[in-house]
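Asker: Structure supplied as entry.txt; contents: compact mmCIF, C-alpha atoms.
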# COMPACT_ATOMS: atom_id res chain seq x y z
CA MET A 1 0.00 0.00 0.00
CA LYS A 2 2.81 2.39 0.84
CA ILE A 3 4.26 1.89 -2.62
CA ARG A 4 0.91 2.73 -4.21
CA TYR A 5 0.55 5.92 -2.17
CA SER A 6 4.12 6.86 -3.11
CA ILE A 7 3.41 6.41 -6.80
CA LEU A 8 0.24 8.41 -6.48
CA ALA A 9 2.09 11.21 -4.69
CA VAL A 10 4.75 11.39 -7.42
CA ALA A 11 2.05 11.43 -10.09
CA LEU A 12 0.33 14.32 -8.35
CA LEU A 13 3.60 16.23 -8.12
CA VAL A 14 4.29 15.74 -11.81
CA SER A 15 0.76 16.82 -12.65
CA ALA A 16 1.14 19.93 -10.48
CA ALA A 17 4.49 20.74 -12.08
CA ASN A 18 3.03 20.36 -15.57
CA TYR A 19 0.13 22.58 -14.60
CA ALA A 20 2.56 25.18 -13.22
CA GLN A 21 4.60 25.11 -16.43
CA LYS A 22 1.54 25.53 -18.62
CA SER A 23 0.25 28.28 -16.35
CA GLU A 24 3.54 30.19 -16.54
CA ILE A 25 3.77 29.77 -20.32
CA LYS A 26 0.18 30.89 -20.81
CA ALA A 27 0.74 34.01 -18.69
CA LEU A 28 4.02 34.82 -20.47
CA THR A 29 2.50 34.34 -23.92
CA LYS A 30 -0.33 36.66 -23.01
CA LEU A 31 2.13 39.35 -21.88
CA THR A 32 4.29 39.13 -25.03
CA ASP A 33 1.18 39.47 -27.19
CA LYS A 34 0.12 42.73 -25.54
CA GLN A 35 0.33 45.90 -27.63
CA SER A 36 1.30 48.02 -24.62
CA ILE A 37 3.58 46.95 -21.75
CA SER A 38 3.14 48.51 -18.31
CA GLU A 39 5.64 48.38 -15.44
CA LYS A 40 3.31 45.89 -13.74
CA ASP A 41 3.28 43.72 -16.87
CA LEU A 42 7.07 43.83 -17.06
CA ALA A 43 7.47 42.83 -13.40
CA SER A 44 5.02 39.96 -13.90
CA PHE A 45 6.86 38.82 -17.04
CA ILE A 46 10.24 38.76 -15.29
CA LYS A 47 8.79 36.90 -12.28
CA ASN A 48 7.07 34.25 -14.40
CA SER A 49 9.96 33.76 -16.84
CA ASP A 50 12.42 33.39 -13.95
CA ALA A 51 10.09 30.86 -12.32
CA LEU A 52 9.79 28.87 -15.56
CA SER A 53 13.56 28.83 -16.08
CA ALA A 54 14.08 27.55 -12.53
CA MET A 55 11.79 24.53 -13.01
CA SER A 56 13.37 21.12 -13.43
CA GLY A 57 12.30 18.24 -15.63
CA LEU A 58 11.06 20.45 -18.45
CA SER A 59 10.19 18.83 -21.75
CA ALA A 60 12.10 19.91 -24.85
CA GLU A 61 9.20 22.15 -25.87
CA ASP A 62 8.92 23.76 -22.44
CA GLN A 63 12.69 24.20 -22.30
CA ALA A 64 12.47 26.12 -25.59
CA ALA A 65 9.71 28.22 -24.02
CA ALA A 66 11.84 28.91 -20.95
CA GLU A 67 14.82 29.98 -23.08
CA TYR A 68 12.65 32.19 -25.28
CA PHE A 69 10.90 34.01 -22.45
CA LYS A 70 14.09 34.44 -20.42
CA THR A 71 15.86 35.91 -23.46
CA MET A 72 12.89 38.21 -24.05
CA GLN A 73 13.19 39.96 -20.66
CA PRO A 74 15.46 42.82 -21.85
CA VAL A 75 13.58 43.03 -25.16
CA LEU A 76 10.28 43.55 -23.39
CA LYS A 77 11.96 46.15 -21.18
CA ALA A 78 13.15 47.91 -24.35
CA PHE A 79 9.60 47.84 -25.78
CA ALA A 80 8.29 49.36 -22.54
CA ASP A 81 10.96 52.09 -22.56
CA TYR A 82 10.29 52.83 -26.24
CA GLN A 83 6.57 53.25 -25.60
CA LYS A 84 7.34 55.91 -23.00
CA ASN A 85 9.45 57.96 -25.41
CA PRO A 86 9.47 56.78 -29.05
CA THR A 87 11.45 59.82 -30.19
CA SER A 88 14.55 58.96 -28.12
CA VAL A 89 16.48 55.74 -27.66
CA ALA A 90 18.90 57.12 -25.05
CA GLY A 91 17.17 55.29 -22.20
CA ILE A 92 17.11 52.01 -24.10
CA LYS A 93 20.82 52.27 -24.99
CA GLN A 94 21.73 52.91 -21.39
CA ASN A 95 20.05 49.68 -20.27
CA LEU A 96 20.64 47.70 -23.43
CA PRO A 97 23.84 48.55 -25.35
CA ILE A 98 24.26 47.40 -28.94
CA ALA A 99 26.66 44.60 -28.01
CA LYS A 100 24.00 43.15 -25.70
CA ILE A 101 21.31 43.53 -28.37
CA SER A 102 23.54 41.61 -30.80
CA GLU A 103 23.93 38.81 -28.25
CA ILE A 104 20.15 38.66 -27.64
CA VAL A 105 19.35 38.59 -31.36
CA LYS A 106 21.78 35.71 -31.91
CA LYS A 107 20.15 33.77 -29.03
CA LEU A 108 16.69 34.37 -30.48
CA ALA A 109 17.93 33.25 -33.91
CA ASP A 110 19.20 30.00 -32.34
CA ILE A 111 15.84 29.46 -30.62
CA LYS A 112 14.12 29.97 -33.97
CA LYS A 113 16.49 27.56 -35.71
CA ASN A 114 16.19 24.82 -33.08
CA ASP A 115 12.47 25.18 -32.29
CA PRO A 116 11.33 21.65 -31.23
CA THR A 117 7.59 22.39 -31.29
CA ALA A 118 5.45 20.68 -33.90
CA LYS A 119 3.92 23.94 -35.12
CA LYS A 120 7.18 25.91 -34.79
CA GLU A 121 5.41 28.33 -32.48
CA TYR A 122 8.64 29.83 -31.09
CA SER A 123 9.99 30.38 -34.59
CA ALA A 124 6.84 32.38 -35.25
CA LYS A 125 7.25 34.28 -31.96
CA VAL A 126 10.87 35.16 -32.82
CA ASN A 127 9.79 36.38 -36.26
CA GLN A 128 7.14 38.55 -34.64
CA THR A 129 9.67 39.90 -32.13
CA PHE A 130 12.16 40.68 -34.88
CA ALA A 131 9.49 42.51 -36.90
CA GLN A 132 8.70 44.70 -33.89
CA PHE A 133 12.32 45.10 -32.75
CA GLU A 134 13.81 46.10 -36.12
CA SER A 135 12.73 49.75 -36.02
CA ILE A 136 14.04 50.20 -32.45
CA VAL A 137 17.42 48.65 -33.27
CA HIS A 138 17.59 50.82 -36.40
CA GLN A 139 17.07 53.97 -34.32
CA ILE A 140 19.71 52.86 -31.82
CA THR A 141 22.15 52.09 -34.65
CA MET A 142 21.57 55.45 -36.36
CA ASP A 143 22.00 57.22 -33.01
CA SER A 144 25.44 55.59 -32.68
CA TYR A 145 26.32 56.51 -36.26
CA LYS A 146 25.27 60.15 -35.82
CA ASN A 147 27.45 60.31 -32.70
CA SER A 148 30.44 58.91 -34.66
CA LYS A 149 30.47 55.64 -32.69
CA LEU A 150 31.34 53.62 -35.77
CA ASP A 151 32.11 50.35 -33.95
CA GLU A 152 28.68 50.39 -32.32
CA ALA A 153 26.97 51.36 -35.57
CA SER A 154 28.73 48.57 -37.49
CA VAL A 155 27.62 45.98 -34.93
CA GLY A 156 24.14 47.52 -35.03
CA PHE A 157 23.83 47.14 -38.79
CA GLU A 158 25.11 43.56 -38.62
CA THR A 159 22.50 42.87 -35.93
CA LEU A 160 19.81 44.42 -38.14
CA PHE A 161 20.86 41.99 -40.87
CA ASP A 162 20.53 39.12 -38.37
CA ILE A 163 17.02 40.41 -37.62
CA ASN A 164 16.06 40.88 -41.27
CA ASN A 165 18.36 39.17 -43.75
CA THR A 166 16.26 40.28 -46.72
CA LYS A 167 17.88 43.72 -46.38
CA SER A 168 21.46 43.11 -47.48
CA GLU A 169 22.16 46.86 -47.29
CA TYR A 170 22.38 46.37 -43.51
CA LEU A 171 25.34 44.02 -43.97
CA TYR A 172 26.89 46.35 -46.54
CA ASN A 173 26.67 49.27 -44.08
CA ALA A 174 28.21 47.12 -41.34
CA ALA A 175 31.16 46.27 -43.62
CA VAL A 176 31.71 49.85 -44.80
CA LEU A 177 31.67 51.23 -41.24
CA ALA A 178 34.10 48.55 -40.05
CA HIS A 179 36.34 49.52 -42.98
CA GLN A 180 36.08 53.23 -42.20
CA ASN A 181 36.93 52.56 -38.56
CA ASN A 182 40.02 50.56 -39.55
CA LYS A 183 38.64 47.24 -38.26
CA LEU A 184 40.09 45.60 -41.32
CA ASP A 185 39.77 41.89 -40.48
CA ARG A 186 36.12 42.41 -39.53
CA ALA A 187 35.54 44.41 -42.71
CA VAL A 188 37.02 41.65 -44.89
CA THR A 189 34.81 39.04 -43.21
CA LEU A 190 31.66 41.12 -43.72
CA TYR A 191 32.56 42.02 -47.31
CA LYS A 192 33.17 38.34 -48.11
CA ASN A 193 29.83 37.39 -46.53
CA LEU A 194 28.19 39.93 -48.84
CA LEU A 195 29.93 38.54 -51.90
CA ASP A 196 29.06 34.96 -50.94
CA SER A 197 25.40 35.97 -50.57
CA GLY A 198 25.30 37.16 -54.18
CA TYR A 199 24.71 40.78 -53.16
CA THR A 200 25.02 43.35 -55.94
CA GLY A 201 23.50 46.51 -54.46
CA GLU A 202 21.76 47.28 -57.76
CA ALA A 203 18.56 49.21 -57.15
CA VAL A 204 16.12 51.72 -58.53
CA TYR A 205 15.02 54.56 -56.24
CA TYR A 206 11.64 56.07 -57.02
CA LYS A 207 11.52 59.74 -56.09
CA ALA A 208 9.20 62.74 -56.12
CA VAL A 209 9.27 66.28 -54.79
CA ASN A 210 7.04 67.20 -51.84
CA LYS A 211 5.23 70.38 -52.95
CA ALA A 212 4.98 71.77 -49.43
CA SER A 213 8.62 71.33 -48.40
CA GLY A 214 10.23 71.42 -51.83
CA GLN A 215 12.31 68.40 -50.76
CA GLU A 216 12.78 65.28 -52.84
CA GLU A 217 11.56 62.11 -51.09
CA THR A 218 12.22 58.45 -51.89
CA PHE A 219 9.56 55.72 -52.08
CA GLU A 220 10.09 51.98 -51.73
CA THR A 221 8.21 51.10 -54.92
CA LYS A 222 7.12 52.73 -58.15
CA ALA A 223 3.49 52.03 -57.21
CA ALA A 224 3.89 53.90 -53.91
CA ARG A 225 5.54 56.85 -55.68
CA ASP A 226 2.85 56.96 -58.37
CA LYS A 227 0.13 56.81 -55.73
CA ALA A 228 1.74 59.78 -53.94
CA ILE A 229 1.81 61.72 -57.21
CA GLY A 230 -1.90 60.97 -57.58
CA THR A 231 -2.63 62.71 -54.27
CA LYS A 232 -1.32 65.98 -55.76
CA VAL A 233 0.90 66.37 -52.68
CA PHE A 234 3.97 65.33 -54.70
CA GLU A 235 5.25 66.29 -58.14
CA LYS A 236 8.24 65.84 -60.46
CA PRO A 237 8.59 62.04 -60.34
CA SER A 238 12.04 60.68 -61.14
CA GLU A 239 14.04 57.49 -60.92
CA GLU A 240 17.63 56.95 -59.84
CA LYS A 241 19.39 53.74 -60.82
CA VAL A 242 22.14 52.47 -58.53
CA ALA A 243 24.82 50.42 -60.26
CA SER A 244 26.25 47.16 -58.93
CA LYS A 245 28.55 47.49 -55.92
CA ARG A 246 30.24 44.11 -56.35
CA GLY A 247 33.24 45.62 -58.11
CA GLU A 248 33.58 48.21 -55.35
CA ILE A 249 33.39 45.47 -52.70
CA TYR A 250 36.07 43.40 -54.42
CA LYS A 251 38.18 46.55 -54.76
CA ASN A 252 37.78 47.30 -51.03
CA VAL A 253 38.79 43.77 -50.02
CA VAL A 254 41.74 43.85 -52.41
CA ASN A 255 42.90 47.22 -51.05
CA ILE A 256 42.71 45.95 -47.48
CA LEU A 257 44.70 42.84 -48.39
CA LEU A 258 47.30 44.99 -50.16
CA PHE A 259 47.52 47.28 -47.11
CA GLN A 260 48.09 44.17 -44.99
CA ASN A 261 50.86 43.11 -47.39
CA LYS A 262 48.81 40.13 -48.58
CA THR A 263 49.35 40.77 -52.28
CA GLU A 264 49.09 37.14 -53.32
CA ASP A 265 45.83 36.74 -51.39
CA ALA A 266 44.49 39.80 -53.21
CA LYS A 267 45.49 38.43 -56.61
CA GLY A 268 44.04 35.02 -55.72
CA LEU A 269 40.72 36.60 -54.78
CA MET A 270 40.51 38.45 -58.10
CA THR A 271 41.54 35.39 -60.12
CA GLU A 272 38.80 33.36 -58.45
CA ALA A 273 36.21 36.09 -59.04
CA ARG A 274 37.16 36.57 -62.69
CA LYS A 275 36.91 32.83 -63.37
CA LEU A 276 33.31 32.89 -62.17
CA ASN A 277 32.45 36.11 -64.04
CA PRO A 278 35.01 36.68 -66.83
CA LYS A 279 33.00 39.44 -68.53
CA ASP A 280 31.90 41.34 -65.43
CA THR A 281 33.26 44.84 -66.03
CA ASP A 282 32.98 45.74 -62.33
CA LEU A 283 35.39 42.91 -61.54
CA ILE A 284 37.67 43.91 -64.40
CA LEU A 285 37.91 47.43 -62.96
CA ALA A 286 38.58 46.08 -59.47
CA GLU A 287 41.37 43.92 -60.90
CA ALA A 288 42.72 46.93 -62.82
CA ASN A 289 42.89 48.87 -59.57
CA LEU A 290 44.72 45.94 -57.94
CA TYR A 291 47.45 45.93 -60.57
CA TYR A 292 47.78 49.71 -60.50
CA GLN A 293 48.28 49.59 -56.74
CA ALA A 294 50.81 46.80 -57.21
CA GLY A 295 52.73 49.01 -59.66
CA ASP A 296 51.92 47.00 -62.81
CA LYS A 297 50.68 49.82 -65.05
CA ALA A 298 50.88 47.73 -68.21
CA LYS A 299 48.44 45.17 -66.80
CA TYR A 300 46.27 48.03 -65.52
CA SER A 301 46.02 49.54 -69.02
CA GLN A 302 45.30 46.14 -70.56
CA LEU A 303 42.40 45.52 -68.19
CA VAL A 304 40.95 48.99 -68.77
CA GLN A 305 40.94 48.38 -72.51
CA GLU A 306 39.32 44.97 -71.94
CA ALA A 307 36.47 46.63 -70.03
CA ILE A 308 35.98 49.25 -72.75
CA SER A 309 35.89 46.59 -75.48
CA LEU A 310 33.03 44.84 -73.63
CA LYS A 311 30.94 47.99 -73.15
CA PRO A 312 32.18 50.68 -75.54
CA ASN A 313 29.05 52.86 -75.20
CA ASP A 314 28.21 52.41 -71.54
CA ALA A 315 28.19 55.70 -69.60
CA VAL A 316 28.23 53.90 -66.24
CA LEU A 317 31.35 51.98 -67.26
CA TYR A 318 33.18 55.20 -68.17
CA TYR A 319 32.11 56.77 -64.91
CA ASN A 320 33.50 53.75 -63.03
CA LEU A 321 36.70 53.97 -65.09
CA GLY A 322 36.97 57.58 -63.97
CA VAL A 323 36.60 56.54 -60.32
CA VAL A 324 39.28 53.85 -60.68
CA ALA A 325 41.66 56.26 -62.44
CA ALA A 326 41.04 58.96 -59.82
CA ASP A 327 41.72 56.47 -57.02
CA ALA A 328 44.96 55.58 -58.78
CA LYS A 329 45.89 59.31 -58.96
CA ASP A 330 45.72 59.03 -62.75
CA THR A 331 44.09 62.48 -63.09
CA GLU A 332 44.47 62.84 -66.85
CA ASN A 333 42.66 59.60 -67.66
CA ALA A 334 40.09 60.13 -64.90
CA ALA A 335 39.06 63.42 -66.55
CA LYS A 336 38.96 61.73 -69.96
CA TYR A 337 36.68 58.95 -68.70
CA TYR A 338 34.31 61.29 -66.86
CA LYS A 339 34.00 63.44 -69.97
CA LYS A 340 33.23 60.35 -72.07
CA ALA A 341 30.52 59.36 -69.56
CA ILE A 342 29.02 62.84 -69.88
CA GLU A 343 29.16 62.61 -73.68
CA LEU A 344 27.19 59.34 -73.52
CA ASN A 345 24.82 60.62 -70.83
CA PRO A 346 24.55 64.43 -70.64
CA GLN A 347 22.52 64.15 -67.41
CA ASP A 348 25.15 62.10 -65.55
CA PHE A 349 25.22 64.00 -62.26
CA ASN A 350 27.98 61.85 -60.70
CA SER A 351 30.41 62.42 -63.56
CA TYR A 352 29.86 66.20 -63.53
CA ASN A 353 30.30 66.30 -59.76
CA ASN A 354 33.37 64.04 -59.70
CA LEU A 355 35.01 65.91 -62.55
CA GLY A 356 34.65 69.18 -60.66
CA VAL A 357 36.09 67.58 -57.52
CA LEU A 358 38.93 66.10 -59.55
CA TYR A 359 40.06 69.53 -60.76
CA ILE A 360 40.27 70.96 -57.22
CA ALA A 361 41.52 67.77 -55.54
CA ASP A 362 44.95 69.33 -54.92
CA ASP A 363 43.56 72.53 -53.40
CA VAL A 364 44.43 71.75 -49.77
CA ASN A 365 48.01 71.00 -50.79
CA LEU A 366 48.24 74.27 -52.74
CA VAL A 367 46.85 76.29 -49.83
CA ASN A 368 49.29 74.68 -47.40
CA LYS A 369 52.18 75.53 -49.69
CA MET A 370 50.99 79.15 -49.98
CA ASN A 371 50.60 79.51 -46.22
CA ALA A 372 54.10 78.15 -45.64
CA LEU A 373 55.75 80.87 -47.76
CA GLY A 374 57.37 83.95 -46.30
CA MET A 375 57.43 87.55 -47.54
CA SER A 376 60.62 87.56 -49.60
CA LYS A 377 60.47 88.59 -53.26
CA LYS A 378 61.25 85.06 -54.42
CA GLU A 379 58.56 83.60 -52.18
CA GLN A 380 56.05 86.19 -53.36
CA VAL A 381 56.64 85.02 -56.95
CA GLN A 382 56.03 81.44 -55.80
CA TYR A 383 52.90 82.53 -53.94
CA ASP A 384 51.50 84.27 -57.03
CA ALA A 385 52.18 81.17 -59.15
CA LEU A 386 50.36 78.94 -56.68
CA ALA A 387 47.45 81.40 -56.45
CA LYS A 388 47.21 81.42 -60.24
CA LYS A 389 47.18 77.61 -60.30
CA ARG A 390 44.35 77.55 -57.73
CA LYS A 391 42.29 79.94 -59.81
CA GLU A 392 42.90 77.87 -62.94
CA ASN A 393 41.74 74.72 -61.11
CA PHE A 394 38.55 76.38 -59.85
CA THR A 395 37.90 77.77 -63.33
CA LEU A 396 38.12 74.25 -64.76
CA ALA A 397 35.84 72.87 -62.05
CA LEU A 398 33.19 75.61 -62.21
CA PRO A 399 31.08 74.51 -65.24
CA TYR A 400 30.91 70.95 -63.95
CA PHE A 401 29.75 72.03 -60.47
CA GLU A 402 27.18 74.35 -62.02
CA LYS A 403 25.80 71.60 -64.26
CA ALA A 404 25.75 69.10 -61.38
CA TYR A 405 23.84 71.59 -59.25
CA GLN A 406 21.40 72.21 -62.08
CA ILE A 407 20.72 68.46 -62.40
CA LYS A 408 20.51 67.66 -58.70
CA PRO A 409 20.65 70.56 -56.21
CA SER A 410 21.84 69.78 -52.67
CA GLU A 411 23.16 71.75 -49.72
CA ASP A 412 26.60 70.09 -49.95
CA LEU A 413 26.95 70.93 -53.63
CA LYS A 414 25.65 74.45 -53.00
CA ALA A 415 28.41 74.97 -50.43
CA LEU A 416 30.99 73.68 -52.92
CA LEU A 417 29.69 75.98 -55.64
CA LEU A 418 29.64 79.00 -53.29
CA ASN A 419 33.27 78.29 -52.40
CA THR A 420 34.15 78.11 -56.10
CA TYR A 421 32.46 81.47 -56.81
CA ARG A 422 34.27 83.03 -53.85
CA ASN A 423 37.66 81.79 -55.02
CA LEU A 424 37.00 83.14 -58.50
CA ASP A 425 35.80 86.52 -57.17
CA MET A 426 32.40 86.00 -58.78
CA ASP A 427 30.55 88.12 -56.23
CA ALA A 428 27.26 88.50 -58.09
CA LYS A 429 26.84 84.76 -58.66
CA HIS A 430 27.93 84.06 -55.07
CA LYS A 431 25.31 86.46 -53.71
CA ALA A 432 22.55 85.14 -55.96
CA LEU A 433 23.19 81.50 -55.01
CA LYS A 434 23.57 82.28 -51.32
CA ASN A 435 20.17 83.98 -51.27
CA LYS A 436 18.50 81.22 -53.25
Any chance you could give the structure as structure tokens?
Answerer:
Amino acid sequence: MKIRYSILAVALLVSAANYAQKSEIKALTKLTDKQSISEKDLASFIKNSDALSAMSGLSAEDQAAAEYFKTMQPVLKAFADYQKNPTSVAGIKQNLPIAKISEIVKKLADIKKNDPTAKKEYSAKVNQTFAQFESIVHQITMDSYKNSKLDEASVGFETLFDINNTKSEYLYNAAVLAHQNNKLDRAVTLYKNLLDSGYTGEAVYYKAVNKASGQEETFETKAARDKAIGTKVFEKPSEEKVASKRGEIYKNVVNILLFQNKTEDAKGLMTEARKLNPKDTDLILAEANLYYQAGDKAKYSQLVQEAISLKPNDAVLYYNLGVVAADAKDTENAAKYYKKAIELNPQDFNSYNNLGVLYIADDVNLVNKMNALGMSKKEQVQYDALAKKRKENFTLALPYFEKAYQIKPSEDLKALLLNTYRNLDMDAKHKALKNK
């Protein structure tokens, strides 16, 4: 009889434990599904998720639940903080730095991947959490970027990609920021991940001008832009095509490898890429840049001619050739290629802008030389020669800046054009543009 009572007692304990588990999970699920989280809700969530995690003998499904809800504690706290002040993420960042967010997102991704439930209910919960969390993490990441915390911003963009891997631009931004912040090994890893994913960066941006503000705005789709035009709130629809970034990515990886004295690795990477895509002009230009940096100008010229033979009338190709030549300090050919791009596409804003910049690229050096001169007669002659050279450079740049500004006005370009007018003593044009 004692044995029977003992078995009955154990059965009752197991039943009570199962009931407790289900009760905790039900309460936690209800809290995570709420649209608004109060302090009381948050306290209840933490209490119940801690209790669930402390239980022993959990099934695989309940263990997944315990891991999910425990991991969600800081996320729910972030949601609650965001609801209090959606215009500022300072409070969230203080309690939940980007490094911690990255760790949480990776844990949630693992829970999603290893969900043991028949209906994959925790995979669905993670997807829902990611959909809600993306905008908050984006604000936190942009806050770091605006405050020049490039390490944080790079990790933030990589985390955003972990949250939503359909937006490869997140990973691209993470790589570029790592590169800019001289985290070269990390940059190479991220760039290679992008290349392996098949990322190109090609896109079409659909734009229109807001009549009230006069500012150009970008829409995700042509349909959305056209609908906005139909409301009469927007006007002047336009489209901006973004060329492939694969060549640029290869070039960046190659330049990092060259900087790290890994020339053979750089050449191996390009050889492998060219075998897969022998007629990809972006890759040809990246390889041309590699050989220029390595001092092999003959090979550089050969590759440039190969690219031109493949696309002899492509304005984008000539623009890219100009960029490669400018990077290689080959100013004469850079100007030639930009001008050819403009000949093929008279509305090529980037070529006009870059050509203007190319002509005044040495301006800081000229100014430094002028400032270093004394007052002797010989030095005054040198000063006048340098001043004349500056004026010649700005004169060459002027028509290209003016045309670029005509095609696509911006505050940055306006400032550049005002500076050009000032250096050329064009007071009337300077005053007219300044008051515009």
Asker: Give the padded box for stretch 78-83 of chain A as lines of an AutoDock Vina configuration file: axis-aligned, covering all atoms listed in the file, 6 Å on each side, centre and edge lengths in Å to one decimal.
Answerer:
center_x = 9.9
center_y = 50.5
center_z = -24.4
size_x = 18.6
size_y = 17.4
size_z = 15.7
Asker: Do you know which residues lie at most 9 Å from (30.1, 77.6, -56.6), with coordinates as in the file and all atoms listed in the file counted, and could you write them as an MDAnalysis selection string?
Answerer: chainID A and resid 398 401:402 413:423 426 429:430 433
Asker: Quick one: residues within 12 Å of stretch 191-202 of chain A, only C-alpha atoms counted, chain neighbours fewer than 5 positions away excluded, as a VMD selection string?
Answerer: chain A and resid 158 161 165 to 179 184 to 186 240 to 254 256 269 273 280 282 to 283
Asker: Within 12 Å of (13.1, 33.8, -24.8) (coordinates as in the file), grab all the protein and nucleic acid residues, counting all atoms listed in the file, and write them out as a count of residues only.
Answerer: 40
Asker: Considering all atoms listed in the file, can you say which of A:Tyr319, A:Gln293, A:Ala286, A:Val357 comes closest to A:Asn261?
Answerer: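 The closest residue to A:Asn261 is A:Gln293.
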Asker: Neighbouring residues of stretch 332-338 of chain A were defined as those with any atom within 6 Å, considering all atoms listed in the file; residues of the same chain fewer than 4 positions away were excluded. Please report them as a list of chain:residue names.
Answerer: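 Here the qualifying residues turn out to be A:Tyr318, A:Tyr319, A:Gly322, A:Ala325, A:Ala326, A:Ser351.
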Asker: Find the distance between atom CA of A:Gly356 and atom CA of A:Tyr292 and write it in Å to one decimal.
Answerer: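 Pair atom CA of A:Gly356 / atom CA of A:Tyr292 returns 23.5 Å.
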Asker: Identify which of the residues A:Ala387, A:Met375, A:Val137, A:Ala404 lies closest to A:Asn354, counting all atoms listed in the file when measuring atom-to-atom distances.
Answerer: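 Ranked by minimum distance to A:Asn354, first place goes to A:Ala404.
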Asker: What does the distance from atom CA of A:Ala428 to atom CA of A:Asn365 come to in Å, to one decimal?
Answerer: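 So the two atoms, atom CA of A:Ala428 and atom CA of A:Asn365, lie 28.1 Å apart.
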Asker: What lies within 12 Å of A:Lys40 using only C-alpha atoms, ignoring chain neighbours under 4 positions off, as a list in words?
Answerer: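 Near A:Lys40, the qualifying residues are Leu31, Ser36, Ser44, Phe45, Ile46, Lys47, Lys77 and Ala80 of chain A.
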Asker: What does the structure give for the distance between atom CA of A:Ile92 and atom CA of A:Ala78, in Å to one decimal?
Answerer: 5.7 Å
Asker: List the spatial neighbours of A:Leu317 as a VMD selection string - criterion: any atom at most 8 Å away, all atoms listed in the file, same-chain residues fewer than 4 positions off excluded.
Answerer: chain A and resid 281 307 to 308 311 321 341
Asker: Nearest residue to A:Asn114 out of A:Glu61, A:Lys232, A:Asn368, A:Lys227, using all atoms listed in the file?
Answerer: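 Among the listed residues, the smallest separation from A:Asn114 belongs to A:Glu61.
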Asker: Excluding same-chain residues fewer than 4 positions from A:Phe79, what lies within 10 Å of it counting all atoms listed in the file, as a list in words?
Answerer: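 Here the answer would be Gln35, Ser36, Ile37, Ser38, Leu42, Pro74, Val75, Gln83, Lys84, Pro86, Ile92, Gln132, Phe133 and Ile136 of chain A.
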Asker: Hey, which of A:Ala54, A:Val233, A:Leu285, A:Ile360 ends up closest to A:Val324? Count only C-alpha atoms.
Answerer: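 Checking each of A:Ala54, A:Val233, A:Leu285, A:Ile360 against A:Val324, counting only C-alpha atoms, the winner is A:Leu285.
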Asker: Counting all atoms listed in the file, which of A:Thr141, A:Thr271, A:Ser102, A:Ser59 gets nearest to A:Pro116?
Answerer: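 Nearest candidate to A:Pro116 out of A:Thr141, A:Thr271, A:Ser102, A:Ser59: A:Ser59.
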Asker: Let me make sure I understand: among A:Ala328, A:Leu190, A:Leu160, A:Leu396, which one has the smallest atom-to-atom distance to A:Ile98 if we use all atoms listed in the file?
Answerer: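 Closest to A:Ile98 of all the choices is A:Leu160.
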